[in-house]
$ cat coords_4.cif   # mmCIF, C-alpha atoms and all ligand atoms
data_data
loop_
_atom_site.label_atom_id
_atom_site.label_comp_id
_atom_site.auth_asym_id
_atom_site.auth_seq_id
_atom_site.Cartn_x
_atom_site.Cartn_y
_atom_site.Cartn_z
CA MET A 951 -6.13 -30.30 3.40
CA THR A 952 -3.45 -27.67 3.90
CA ASP A 953 -0.05 -28.22 2.41
CA ALA A 954 2.30 -25.40 3.43
CA ARG A 955 5.14 -26.41 1.14
CA ILE A 956 6.40 -23.58 -1.03
CA ALA A 957 5.27 -24.00 -4.64
CA GLY A 958 6.77 -20.81 -6.03
CA LEU A 959 8.17 -17.38 -5.30
CA HIS A 960 8.03 -14.21 -7.36
CA GLY A 961 10.03 -11.01 -6.82
CA ARG A 962 9.05 -7.69 -8.37
CA ARG A 963 10.15 -4.07 -8.15
CA VAL A 964 7.70 -1.68 -6.44
CA TRP A 965 8.12 1.84 -5.01
CA ASP A 966 8.50 3.02 -1.42
CA SER A 967 7.23 6.12 0.43
CA ARG A 968 10.23 8.20 -0.70
CA GLY A 969 9.58 7.27 -4.34
CA ARG A 970 12.54 4.89 -4.40
CA PRO A 971 12.55 1.37 -5.85
CA THR A 972 12.18 -1.52 -3.42
CA VAL A 973 11.60 -5.29 -3.47
CA GLU A 974 8.25 -7.05 -3.14
CA VAL A 975 8.01 -10.83 -2.84
CA GLU A 976 4.98 -13.04 -3.36
CA VAL A 977 5.06 -16.63 -2.11
CA ARG A 978 2.62 -19.30 -3.30
CA LEU A 979 2.13 -22.53 -1.34
CA VAL A 980 1.10 -25.94 -2.65
CA ASP A 981 -2.31 -25.51 -0.98
CA GLY A 982 -2.87 -22.41 -3.11
CA VAL A 983 -2.58 -19.67 -0.46
CA THR A 984 -0.21 -16.76 -0.98
CA GLY A 985 1.81 -14.38 1.19
CA ARG A 986 3.26 -11.04 0.16
CA ALA A 987 5.67 -8.52 1.71
CA ILE A 988 7.64 -5.40 0.77
CA ALA A 989 11.13 -4.52 2.02
CA PRO A 990 11.43 -1.16 3.85
CA ALA A 991 14.59 1.00 3.72
CA GLY A 992 16.43 3.15 6.24
CA ALA A 993 18.16 6.51 5.73
CA SER A 994 20.01 6.79 9.04
CA THR A 995 21.41 3.30 9.02
CA GLY A 996 23.71 1.70 11.58
CA ARG A 997 27.02 0.33 10.33
CA GLY A 998 26.22 -3.20 11.51
CA GLU A 999 22.99 -3.52 9.51
CA ALA A 1000 22.21 -6.05 6.78
CA LEU A 1001 22.95 -4.28 3.48
CA ASP A 1002 20.40 -3.72 0.73
CA LEU A 1003 21.53 -4.71 -2.74
CA ARG A 1004 21.17 -1.69 -5.05
CA ASP A 1005 22.12 -1.50 -8.72
CA GLY A 1006 24.37 1.58 -8.57
CA GLY A 1007 24.88 3.67 -11.70
CA ASP A 1008 22.84 6.71 -12.71
CA ARG A 1009 19.29 5.42 -12.72
CA PHE A 1010 17.26 6.57 -9.69
CA GLY A 1011 20.40 7.73 -7.94
CA GLY A 1012 21.87 4.24 -8.06
CA LEU A 1013 19.03 2.91 -5.90
CA ASP A 1014 17.36 0.57 -8.39
CA VAL A 1015 16.83 -3.02 -7.23
CA HIS A 1016 16.91 -5.19 -10.37
CA ARG A 1017 19.78 -7.19 -8.94
CA ALA A 1018 17.93 -7.82 -5.66
CA VAL A 1019 14.77 -8.81 -7.56
CA GLY A 1020 17.02 -11.11 -9.61
CA SER A 1021 18.28 -12.69 -6.36
CA VAL A 1022 14.67 -13.57 -5.50
CA ASN A 1023 13.68 -14.93 -8.88
CA HIS A 1024 16.86 -16.74 -9.88
CA GLU A 1025 18.47 -17.96 -6.65
CA ILE A 1026 16.06 -17.79 -3.73
CA ALA A 1027 12.99 -19.16 -5.59
CA PRO A 1028 14.59 -22.44 -6.70
CA ALA A 1029 16.32 -22.89 -3.32
CA LEU A 1030 13.09 -22.51 -1.30
CA LYS A 1031 10.87 -24.66 -3.53
CA ASP A 1032 9.18 -27.50 -1.59
CA HIS A 1033 10.34 -26.20 1.80
CA ASP A 1034 7.76 -25.94 4.60
CA ALA A 1035 6.62 -22.31 4.99
CA GLY A 1036 5.51 -23.21 8.52
CA ASP A 1037 9.11 -23.73 9.60
CA GLN A 1038 10.21 -20.07 9.56
CA ALA A 1039 13.48 -20.77 11.38
CA ALA A 1040 14.55 -23.34 8.76
CA VAL A 1041 13.55 -21.05 5.88
CA ASP A 1042 15.49 -18.15 7.38
CA ARG A 1043 18.55 -20.31 8.04
CA LEU A 1044 18.47 -21.44 4.44
CA LEU A 1045 18.24 -17.80 3.27
CA ALA A 1046 21.23 -16.79 5.41
CA ASP A 1047 23.29 -19.79 4.24
CA LEU A 1048 22.39 -19.20 0.61
CA ASP A 1049 23.57 -15.59 0.89
CA GLY A 1050 26.73 -16.66 2.67
CA THR A 1051 27.92 -13.18 3.75
CA PRO A 1052 27.67 -11.72 7.26
CA ASP A 1053 26.08 -8.48 5.96
CA ARG A 1054 23.75 -10.12 3.40
CA SER A 1055 25.39 -8.12 0.64
CA ARG A 1056 25.46 -10.90 -1.96
CA LEU A 1057 21.72 -11.55 -2.38
CA GLY A 1058 20.74 -8.32 -0.60
CA GLY A 1059 19.11 -7.68 2.79
CA ASN A 1060 16.15 -6.24 0.85
CA ALA A 1061 15.67 -9.52 -1.07
CA LEU A 1062 16.03 -11.58 2.11
CA VAL A 1063 13.70 -9.62 4.38
CA ALA A 1064 10.91 -9.38 1.78
CA THR A 1065 11.16 -13.15 1.20
CA SER A 1066 11.28 -13.97 4.89
CA MET A 1067 8.21 -11.83 5.69
CA ALA A 1068 6.29 -13.12 2.65
CA VAL A 1069 6.87 -16.72 3.76
CA LEU A 1070 5.58 -15.77 7.22
CA HIS A 1071 2.39 -14.31 5.73
CA ALA A 1072 1.86 -17.42 3.62
CA ALA A 1073 2.32 -19.71 6.64
CA ALA A 1074 -0.28 -17.75 8.64
CA ALA A 1075 -2.70 -17.78 5.70
CA SER A 1076 -2.23 -21.52 5.31
CA ALA A 1077 -2.96 -22.00 9.03
CA GLY A 1078 -6.08 -19.86 8.57
CA VAL A 1079 -5.24 -17.38 11.35
CA PRO A 1080 -4.25 -13.69 11.44
CA LEU A 1081 -0.49 -13.18 11.31
CA TRP A 1082 -0.23 -11.86 14.90
CA ARG A 1083 -2.08 -14.92 16.21
CA HIS A 1084 0.14 -17.28 14.21
CA LEU A 1085 3.18 -15.62 15.83
CA ALA A 1086 1.71 -15.63 19.35
CA GLY A 1087 1.01 -19.36 19.18
CA GLY A 1088 -1.40 -19.19 22.12
CA ARG A 1089 0.89 -17.11 24.37
CA PRO A 1090 -0.61 -13.98 25.97
CA VAL A 1091 -0.02 -10.72 24.08
CA ARG A 1092 -0.41 -7.01 24.76
CA VAL A 1093 -1.43 -4.34 22.28
CA PRO A 1094 1.64 -2.08 21.95
CA LEU A 1095 2.18 1.46 23.17
CA PRO A 1096 2.64 3.56 20.03
CA GLU A 1097 5.63 5.95 19.74
CA ILE A 1098 4.45 8.61 17.30
CA GLN A 1099 6.53 11.31 15.65
CA ILE A 1100 5.34 14.92 15.80
CA PHE A 1101 8.48 16.65 14.42
CA GLY A 1102 10.94 14.92 12.08
CA GLY A 1103 14.58 16.01 11.95
CA GLY A 1104 18.08 14.71 11.33
CA ALA A 1105 18.62 12.67 8.17
CA HIS A 1106 14.86 12.75 7.52
CA ALA A 1107 14.70 16.56 7.19
CA ASP A 1108 17.97 17.59 5.51
CA ARG A 1109 19.46 17.92 9.00
CA ARG A 1110 17.25 20.97 9.67
CA VAL A 1111 17.54 20.05 13.37
CA ASP A 1112 20.11 17.60 14.73
CA VAL A 1113 17.78 15.33 16.72
CA GLN A 1114 16.02 12.92 14.35
CA ASP A 1115 12.65 12.18 15.97
CA PHE A 1116 10.56 14.18 18.42
CA MET A 1117 7.81 11.71 19.36
CA VAL A 1118 5.05 11.32 21.93
CA VAL A 1119 4.00 8.27 23.94
CA CYS A 1120 0.69 8.04 25.82
CA PRO A 1121 1.23 5.34 28.46
CA ALA A 1122 -1.68 6.58 30.60
CA ALA A 1123 -4.18 5.97 27.80
CA GLY A 1124 -6.60 3.12 28.45
CA SER A 1125 -6.14 1.45 25.09
CA PHE A 1126 -4.20 1.65 21.83
CA SER A 1127 -7.20 3.30 20.25
CA GLU A 1128 -7.28 5.97 22.95
CA ALA A 1129 -3.52 6.54 22.60
CA LEU A 1130 -4.15 7.33 18.91
CA ASP A 1131 -6.99 9.71 19.84
CA TRP A 1132 -4.69 11.60 22.20
CA THR A 1133 -1.88 11.68 19.63
CA ALA A 1134 -4.20 13.02 16.93
CA GLU A 1135 -5.10 15.94 19.22
CA ILE A 1136 -1.43 16.60 20.03
CA TYR A 1137 -0.46 16.47 16.35
CA ARG A 1138 -3.22 18.99 15.57
CA ALA A 1139 -2.14 21.21 18.46
CA ALA A 1140 1.48 21.11 17.29
CA GLY A 1141 0.35 22.09 13.79
CA ALA A 1142 -1.61 25.03 15.17
CA LEU A 1143 1.42 26.21 17.18
CA MET A 1144 3.65 25.92 14.10
CA ARG A 1145 1.21 27.91 11.97
CA LYS A 1146 0.83 30.60 14.63
CA ALA A 1147 4.61 30.98 14.85
CA GLY A 1148 4.89 31.16 11.04
CA LYS A 1149 6.81 27.85 11.05
CA ALA A 1150 4.43 25.62 9.12
CA GLN A 1151 6.64 24.38 6.27
CA GLY A 1152 5.31 20.94 5.39
CA VAL A 1153 6.48 17.56 6.65
CA ALA A 1154 9.66 15.46 6.91
CA ASP A 1155 10.29 11.90 5.59
CA GLU A 1156 8.09 10.13 8.13
CA GLY A 1157 5.28 12.70 8.02
CA GLY A 1158 6.12 14.68 11.17
CA PHE A 1159 6.11 18.49 10.83
CA TRP A 1160 9.17 20.00 9.18
CA PRO A 1161 11.30 21.27 12.09
CA ALA A 1162 11.67 24.98 11.33
CA PHE A 1163 13.19 25.68 14.74
CA ALA A 1164 16.03 27.92 15.87
CA SER A 1165 17.38 25.27 18.26
CA ASN A 1166 16.84 21.63 19.22
CA GLU A 1167 15.42 22.87 22.49
CA GLU A 1168 12.77 24.98 20.78
CA ALA A 1169 11.38 21.75 19.34
CA LEU A 1170 11.15 20.29 22.85
CA GLU A 1171 9.43 23.41 24.18
CA THR A 1172 6.95 23.44 21.31
CA LEU A 1173 6.17 19.75 21.75
CA THR A 1174 5.58 20.17 25.50
CA ARG A 1175 3.27 23.10 24.79
CA ALA A 1176 1.41 21.03 22.18
CA ILE A 1177 0.82 18.27 24.77
CA GLU A 1178 -0.53 20.85 27.23
CA SER A 1179 -2.64 22.76 24.75
CA ALA A 1180 -4.25 19.47 23.65
CA GLY A 1181 -5.35 19.12 27.28
CA PHE A 1182 -2.95 16.45 28.56
CA ALA A 1183 -0.61 16.41 31.55
CA PRO A 1184 3.04 16.12 30.46
CA SER A 1185 4.73 13.13 32.18
CA ALA A 1186 1.62 11.97 34.05
CA GLN A 1187 -0.29 11.20 30.87
CA VAL A 1188 1.90 11.87 27.87
CA GLY A 1189 5.68 11.69 27.55
CA ILE A 1190 8.22 12.72 24.94
CA SER A 1191 10.35 10.12 23.19
CA LEU A 1192 13.50 11.28 21.37
CA ASP A 1193 15.53 9.48 18.74
CA VAL A 1194 18.80 11.39 18.95
CA ALA A 1195 20.40 9.12 16.29
CA ALA A 1196 23.73 10.53 17.51
CA SER A 1197 25.88 8.48 15.10
CA GLN A 1198 24.51 10.66 12.34
CA PHE A 1199 26.20 13.81 13.67
CA GLY A 1200 29.26 12.51 15.41
CA SER A 1201 31.20 9.85 17.25
CA ALA A 1202 33.15 9.58 20.48
CA ASP A 1203 35.57 12.17 18.98
CA GLY A 1204 32.95 14.90 18.88
CA TYR A 1205 29.31 15.66 18.15
CA ARG A 1206 28.56 18.54 15.82
CA LEU A 1207 25.23 20.19 16.67
CA ALA A 1208 24.88 22.29 13.53
CA LEU A 1209 21.71 24.09 14.59
CA ASP A 1210 23.09 25.04 18.00
CA ASP A 1211 26.52 25.75 16.40
CA ARG A 1212 28.38 23.71 19.02
CA THR A 1213 30.69 20.70 18.99
CA LEU A 1214 30.41 18.53 22.09
CA ASP A 1215 32.43 15.68 23.50
CA THR A 1216 30.59 12.64 24.85
CA SER A 1217 30.23 13.91 28.38
CA ALA A 1218 28.99 17.33 27.24
CA LEU A 1219 26.41 15.63 25.00
CA ILE A 1220 25.25 13.48 27.93
CA ASP A 1221 25.00 16.60 30.12
CA LEU A 1222 22.98 18.38 27.42
CA LEU A 1223 20.55 15.47 27.08
CA GLY A 1224 20.42 15.14 30.87
CA GLY A 1225 19.43 18.80 31.12
CA TRP A 1226 16.59 18.15 28.68
CA ILE A 1227 15.47 15.12 30.72
CA GLU A 1228 15.36 17.34 33.84
CA GLN A 1229 13.34 20.01 32.11
CA TYR A 1230 10.98 18.23 29.71
CA PRO A 1231 8.71 15.19 30.13
CA ILE A 1232 11.11 12.80 28.36
CA LEU A 1233 10.32 9.12 28.90
CA SER A 1234 12.51 7.55 26.23
CA VAL A 1235 15.78 8.36 24.44
CA GLU A 1236 17.14 6.38 21.47
CA ASP A 1237 20.82 6.26 20.46
CA PRO A 1238 21.87 9.12 22.80
CA VAL A 1239 25.53 8.79 21.78
CA GLY A 1240 27.35 7.28 18.78
CA GLU A 1241 27.06 3.61 17.85
CA ASP A 1242 30.68 2.84 18.82
CA ASP A 1243 30.63 4.71 22.10
CA HIS A 1244 29.98 1.87 24.59
CA GLU A 1245 31.28 3.89 27.52
CA GLY A 1246 29.08 6.86 26.67
CA MET A 1247 26.04 4.58 26.37
CA ALA A 1248 26.82 2.97 29.74
CA GLU A 1249 27.31 6.37 31.38
CA PHE A 1250 24.04 7.73 29.97
CA THR A 1251 22.12 4.63 31.09
CA ARG A 1252 23.73 4.66 34.54
CA ARG A 1253 22.67 8.27 35.02
CA TYR A 1254 19.21 8.28 33.41
CA GLY A 1255 18.17 4.64 32.86
CA HIS A 1256 16.02 4.57 36.02
CA ARG A 1257 13.85 7.44 34.81
CA CYS A 1258 13.74 7.00 31.07
CA GLN A 1259 14.00 4.24 28.54
CA VAL A 1260 17.35 4.11 26.72
CA ILE A 1261 16.95 2.42 23.33
CA GLY A 1262 19.72 1.00 21.15
CA ASP A 1263 18.93 1.25 17.42
CA ASP A 1264 22.06 1.92 15.33
CA TYR A 1265 23.89 0.71 18.45
CA LEU A 1266 22.31 -2.77 18.48
CA VAL A 1267 21.16 -3.15 14.83
CA THR A 1268 18.61 -5.85 15.80
CA ASN A 1269 21.43 -8.29 16.60
CA ALA A 1270 20.88 -10.78 19.47
CA LYS A 1271 24.60 -10.99 20.30
CA ARG A 1272 24.86 -7.22 20.61
CA VAL A 1273 21.74 -7.18 22.79
CA GLU A 1274 23.29 -9.79 25.09
CA ALA A 1275 26.51 -7.78 25.31
CA ALA A 1276 24.50 -4.62 26.06
CA ALA A 1277 22.71 -6.45 28.88
CA THR A 1278 26.04 -7.52 30.36
CA GLY A 1279 27.54 -4.05 30.00
CA GLY A 1280 24.43 -2.17 31.15
CA THR A 1281 24.74 0.11 28.13
CA VAL A 1282 21.01 0.45 27.29
CA ASN A 1283 17.72 -0.82 28.74
CA ALA A 1284 15.71 -1.27 25.53
CA VAL A 1285 16.15 -2.58 22.01
CA LEU A 1286 14.67 -1.37 18.73
CA VAL A 1287 13.71 -4.28 16.48
CA LYS A 1288 13.79 -3.65 12.71
CA PRO A 1289 13.49 -6.87 10.68
CA ASN A 1290 15.51 -5.50 7.76
CA GLN A 1291 18.44 -4.60 10.02
CA ALA A 1292 18.74 -8.29 10.86
CA GLY A 1293 17.82 -9.59 7.40
CA THR A 1294 15.24 -12.22 8.41
CA VAL A 1295 12.19 -12.54 10.67
CA THR A 1296 13.85 -15.22 12.81
CA GLU A 1297 16.95 -13.14 13.53
CA ALA A 1298 14.78 -10.12 14.39
CA PHE A 1299 12.82 -12.31 16.80
CA GLU A 1300 16.05 -13.56 18.39
CA ALA A 1301 17.12 -9.96 19.07
CA LEU A 1302 13.72 -9.22 20.62
CA ARG A 1303 13.89 -12.39 22.75
CA ALA A 1304 17.40 -11.51 23.93
CA GLY A 1305 16.01 -8.12 24.97
CA LYS A 1306 13.13 -9.69 26.86
CA ASP A 1307 15.49 -12.14 28.58
CA ALA A 1308 17.51 -9.14 29.76
CA GLY A 1309 14.41 -7.33 31.07
CA PHE A 1310 14.76 -4.70 28.33
CA GLY A 1311 11.95 -2.73 26.76
CA THR A 1312 11.32 -3.98 23.21
CA VAL A 1313 10.17 -1.71 20.37
CA VAL A 1314 9.24 -3.06 16.94
CA SER A 1315 10.06 -0.34 14.43
CA ALA A 1316 9.41 0.75 10.86
CA ARG A 1317 12.02 2.46 8.66
CA SER A 1318 11.96 5.96 7.21
CA GLY A 1319 11.37 4.40 3.78
CA GLU A 1320 8.12 2.42 4.07
CA SER A 1321 5.14 1.14 2.11
CA GLU A 1322 1.61 -0.19 2.59
CA ASP A 1323 3.12 -3.35 4.11
CA VAL A 1324 1.77 -3.85 7.65
CA THR A 1325 3.84 -6.86 8.75
CA ILE A 1326 5.43 -5.00 11.67
CA ALA A 1327 2.01 -4.21 13.18
CA HIS A 1328 1.50 -7.97 13.54
CA LEU A 1329 5.03 -8.58 14.81
CA SER A 1330 4.54 -5.99 17.56
CA VAL A 1331 1.39 -7.74 18.85
CA GLY A 1332 2.29 -11.37 18.12
CA TRP A 1333 5.70 -11.05 19.76
CA ASP A 1334 4.21 -9.04 22.66
CA ALA A 1335 6.83 -6.34 22.06
CA GLY A 1336 5.01 -3.77 24.18
CA GLN A 1337 5.92 -0.87 21.85
CA LEU A 1338 5.59 0.04 18.17
CA LYS A 1339 7.39 2.90 16.40
CA VAL A 1340 6.16 3.75 12.92
CA GLY A 1341 6.81 7.46 12.33
CA SER A 1342 4.18 10.17 12.40
CA PHE A 1343 0.41 10.42 12.44
CA THR A 1344 0.01 11.30 8.75
CA ARG A 1345 0.63 9.61 5.41
CA SER A 1346 -0.75 6.22 4.62
CA GLU A 1347 2.47 4.21 4.80
CA ARG A 1348 2.41 5.16 8.52
CA MET A 1349 -1.37 5.15 9.10
CA ALA A 1350 -1.66 1.68 7.52
CA LYS A 1351 0.30 0.27 10.47
CA TRP A 1352 -1.63 2.19 13.15
CA ASN A 1353 -4.92 1.22 11.51
CA GLU A 1354 -3.90 -2.45 11.38
CA VAL A 1355 -3.24 -2.46 15.14
CA LEU A 1356 -6.69 -0.86 15.65
CA ARG A 1357 -8.23 -3.81 13.80
CA ILE A 1358 -6.25 -6.28 15.91
CA GLU A 1359 -7.25 -4.52 19.13
CA GLU A 1360 -10.90 -4.61 18.07
CA SER A 1361 -10.68 -8.31 17.23
CA LEU A 1362 -9.32 -9.03 20.72
CA GLY A 1363 -12.38 -7.36 22.27
CA ALA A 1364 -12.50 -7.47 26.05
CA ALA A 1365 -9.36 -9.64 26.07
CA ALA A 1366 -7.25 -6.78 24.65
CA GLU A 1367 -4.59 -5.66 27.11
CA PHE A 1368 -2.88 -2.35 26.29
CA SER A 1369 0.78 -2.33 27.36
CA GLY A 1370 0.74 1.28 28.65
CA TRP A 1371 3.05 1.87 31.61
CA SER A 1372 3.88 -1.86 31.83
CA THR A 1373 6.28 -1.37 28.92
CA PHE A 1374 8.59 0.80 31.05
CA PRO A 1375 9.48 -1.59 33.91
CA PHE A 1376 12.85 0.06 34.53
CA ILE A 1377 11.27 3.42 35.33
CA THR A 1378 11.31 3.09 39.10
CA GLN A 1379 8.13 2.76 41.07
CA SER A 1380 8.52 6.11 42.84
CA VAL A 1381 8.86 8.02 39.58
CA ASN A 1382 6.01 5.98 38.17
CA ALA A 1383 3.76 6.56 41.17
CA THR A 1384 3.79 10.32 40.64
CA ARG A 1385 2.54 9.67 37.14
CA GLN A 1386 -0.48 7.49 37.99
P1 LIG A 1401 15.83 5.03 9.51
O1 LIG A 1401 15.29 5.82 10.76
O2 LIG A 1401 14.79 4.08 9.06
O3 LIG A 1401 16.15 6.10 8.50
O4 LIG A 1401 17.07 4.30 9.99
C1 LIG A 1401 14.52 5.25 11.77
C2 LIG A 1401 15.25 5.27 13.10
O5 LIG A 1401 16.41 5.72 13.20
O6 LIG A 1401 14.71 4.80 14.10
ZN ZN A 1402 16.75 5.31 15.43
#
$ encode --input "coords_4.cif" --output "structure tokens"
Amino acid sequence: MTDARIAGLHGRRVWDSRGRPTVEVEVRLVDGVTGRAIAPAGASTGRGEALDLRDGGDRFGGLDVHRAVGSVNHEIAPALKDHDAGDQAAVDRLLADLDGTPDRSRLGGNALVATSMAVLHAAAASAGVPLWRHLAGGRPVRVPLPEIQIFGGGAHADRRVDVQDFMVVCPAAGSFSEALDWTAEIYRAAGALMRKAGKAQGVADEGGFWPAFASNEEALETLTRAIESAGFAPSAQVGISLDVAASQFGSADGYRLALDDRTLDTSALIDLLGGWIEQYPILSVEDPVGEDDHEGMAEFTRRYGHRCQVIGDDYLVTNAKRVEAAATGGTVNAVLVKPNQAGTVTEAFEALRAGKDAGFGTVVSARSGESEDVTIAHLSVGWDAGQLKVGSFTRSERMAKWNEVLRIEESLGAAAEFSGWSTFPFITQSVNATRQ
């Protein structure tokens, strides 16, 4: 007989992929099953995000998490005892109420998200089904299109180039597994080009090649050549996805492109990105202008939203209300969903649902600071997000997620539907037709 009431909760300090402390939570239910999850951490964070609770002081650069672990063990554990792990919405509401702050700064977004995800794992284990299936609840799902980083820049590479992520997407692949095969070849080809040019200098925070380029555009050229030299047709088979993360190098007052030694106003930045869209096989652009620049976002989406996906990350911070406002204002056509930006699983799901209601693309995303935790792989399938962004194609905190989706795809067998082009509904038919 299953009994999904929470018997106990334990928080502990573990370490993330950047060697920084983070919070792990283990939940035990009355029926004896357990669930476990680890909080990720961002580096290029939006201002509206849930805040992690860090200890401050000298130890580990002030990033220690004893206070957040204390939140779990001394406040959250007694409050959640005897609650039904199967009622995620009620658990998450209780967590938010217990914290009592809009930015989750009292108990810590890191304490909350690790607890929320651990409860979710325990509920699925108690129901005896894989996490993605527990989330899907019988609704049809697609296996997501992976967005995979080849060069890392911005805040993840000491600002060596201004643009944060140079990624590829393979919407013409026949399956998730084939999209990974293609990406592996492109990653290898990019490495070979870097070595040949004497630019092989290791990797950035998410495992993409260190961007030893003379300009942002050189990265785009190299990536396009890598796609071609791996044997794929740019645009028709493989596209480029950029995370500009523009808030990190400016605001509506001016954008400082350090590498190109130029300062641009909003319209010049939009023109620059537009020029890249004309010239390179770009299918998706994230945070093209600063997080406060609603007019710039709307202008960019009006001009390019019919031919590429425009994702709000720092701009929407996984907040359903912001997604609804963006739908009304036409400022983006896709939403990035990071559970720790929202603070709980339920709030992340609400942001994703608001995106779907608006006809947006939806992308479940990791953070630059990650771990072996694979929860987001299950969220991306179980919520039928259509897309998953995890970083590069190296390093096990990234590969763990890709590998988990491979297992899910295999378990679906013939029933597995890969999202592919279907995840870009706003790219108009005529543009799409040339790519088939
Ligand atoms: P972050 O970067 O985790 O450092 O915020 C990821 C992103 O901007 O998408
Ligand atoms: Zn981003």
$ atom_distance --input "coords_4.cif" --atom1 "atom CA of Gly998 of chain A" --atom2 "atom CA of Ala1277 of chain A"
18.0 Å
$ residues_around --input "coords_4.cif" --residues "segment 1163-1179 of chain A" --least-positions-apart "6" --cutoff "9 Å" --atoms "all atoms listed in the file" --output "VMD selection string"
chain A and resid 1100 to 1101 1110 to 1113 1116 to 1118 1133 1135 to 1144 1149 1188 to 1190 1207 1209 to 1210 1226 1230 to 1231
$ residues_around --input "coords_4.cif" --residues "Gly961 of chain A" --least-positions-apart "4" --cutoff "8 Å" --atoms "only C-alpha atoms" --output "list in words"
Val973, Glu974, Val975, Glu976, Val1019, Gly1020, Val1022 and Asn1023 of chain A
$ residues_near_ligand --input "coords_4.cif" --ligand "ligand LIG 1401 (chain A)" --cutoff "8 Å" --atoms "all atoms listed in the file" --output "mmCIF file with C-alpha atoms, keeping the file's coordinate frame"
data_model
loop_
_atom_site.group_PDB
_atom_site.id
_atom_site.type_symbol
_atom_site.label_atom_id
_atom_site.label_comp_id
_atom_site.auth_asym_id
_atom_site.auth_seq_id
_atom_site.Cartn_x
_atom_site.Cartn_y
_atom_site.Cartn_z
ATOM 1 C CA ALA A 991 14.590 1.000 3.720
ATOM 2 C CA GLY A 992 16.430 3.150 6.240
ATOM 3 C CA ALA A 993 18.160 6.510 5.730
ATOM 4 C CA SER A 994 20.010 6.790 9.040
ATOM 5 C CA THR A 995 21.410 3.300 9.020
ATOM 6 C CA GLY A 996 23.710 1.700 11.580
ATOM 7 C CA ALA A 1105 18.620 12.670 8.170
ATOM 8 C CA HIS A 1106 14.860 12.750 7.520
ATOM 9 C CA GLN A 1114 16.020 12.920 14.350
ATOM 10 C CA ASP A 1115 12.650 12.180 15.970
ATOM 11 C CA ASP A 1193 15.530 9.480 18.740
ATOM 12 C CA ALA A 1195 20.400 9.120 16.290
ATOM 13 C CA GLU A 1236 17.140 6.380 21.470
ATOM 14 C CA ASP A 1263 18.930 1.250 17.420
ATOM 15 C CA ASP A 1264 22.060 1.920 15.330
ATOM 16 C CA LEU A 1286 14.670 -1.370 18.730
ATOM 17 C CA SER A 1315 10.060 -0.340 14.430
ATOM 18 C CA ALA A 1316 9.410 0.750 10.860
ATOM 19 C CA ARG A 1317 12.020 2.460 8.660
ATOM 20 C CA SER A 1318 11.960 5.960 7.210
ATOM 21 C CA GLY A 1319 11.370 4.400 3.780
ATOM 22 C CA LYS A 1339 7.390 2.900 16.400
#
$ residues_near_point --input "coords_4.cif" --point "(30.3, 0.6, 24.2)" --cutoff "9 Å" --atoms "only C-alpha atoms" --output "JSON, numbers by chain"
{"A": [1241, 1242, 1243, 1244, 1245, 1246, 1247, 1248, 1265, 1276, 1279, 1281]}
$ atom_distance --input "coords_4.cif" --atom1 "atom CA of Gly1293 of chain A" --atom2 "atom CA of His1084 of chain A"
20.4 Å
$ closest_residue --input "coords_4.cif" --among "A:Gly1255, A:Gly1309, A:Gly1280, A:Pro1080" --to "Arg1357 of chain A" --atoms "all atoms listed in the file"
A:Pro1080
$ residues_around --input "coords_4.cif" --residues "segment 1211-1218 of chain A" --least-positions-apart "5" --cutoff "9 Å" --atoms "all atoms listed in the file" --output "PyMOL selection string"
chain A and resi 1201-1206+1223+1239-1240+1243+1246+1249-1250
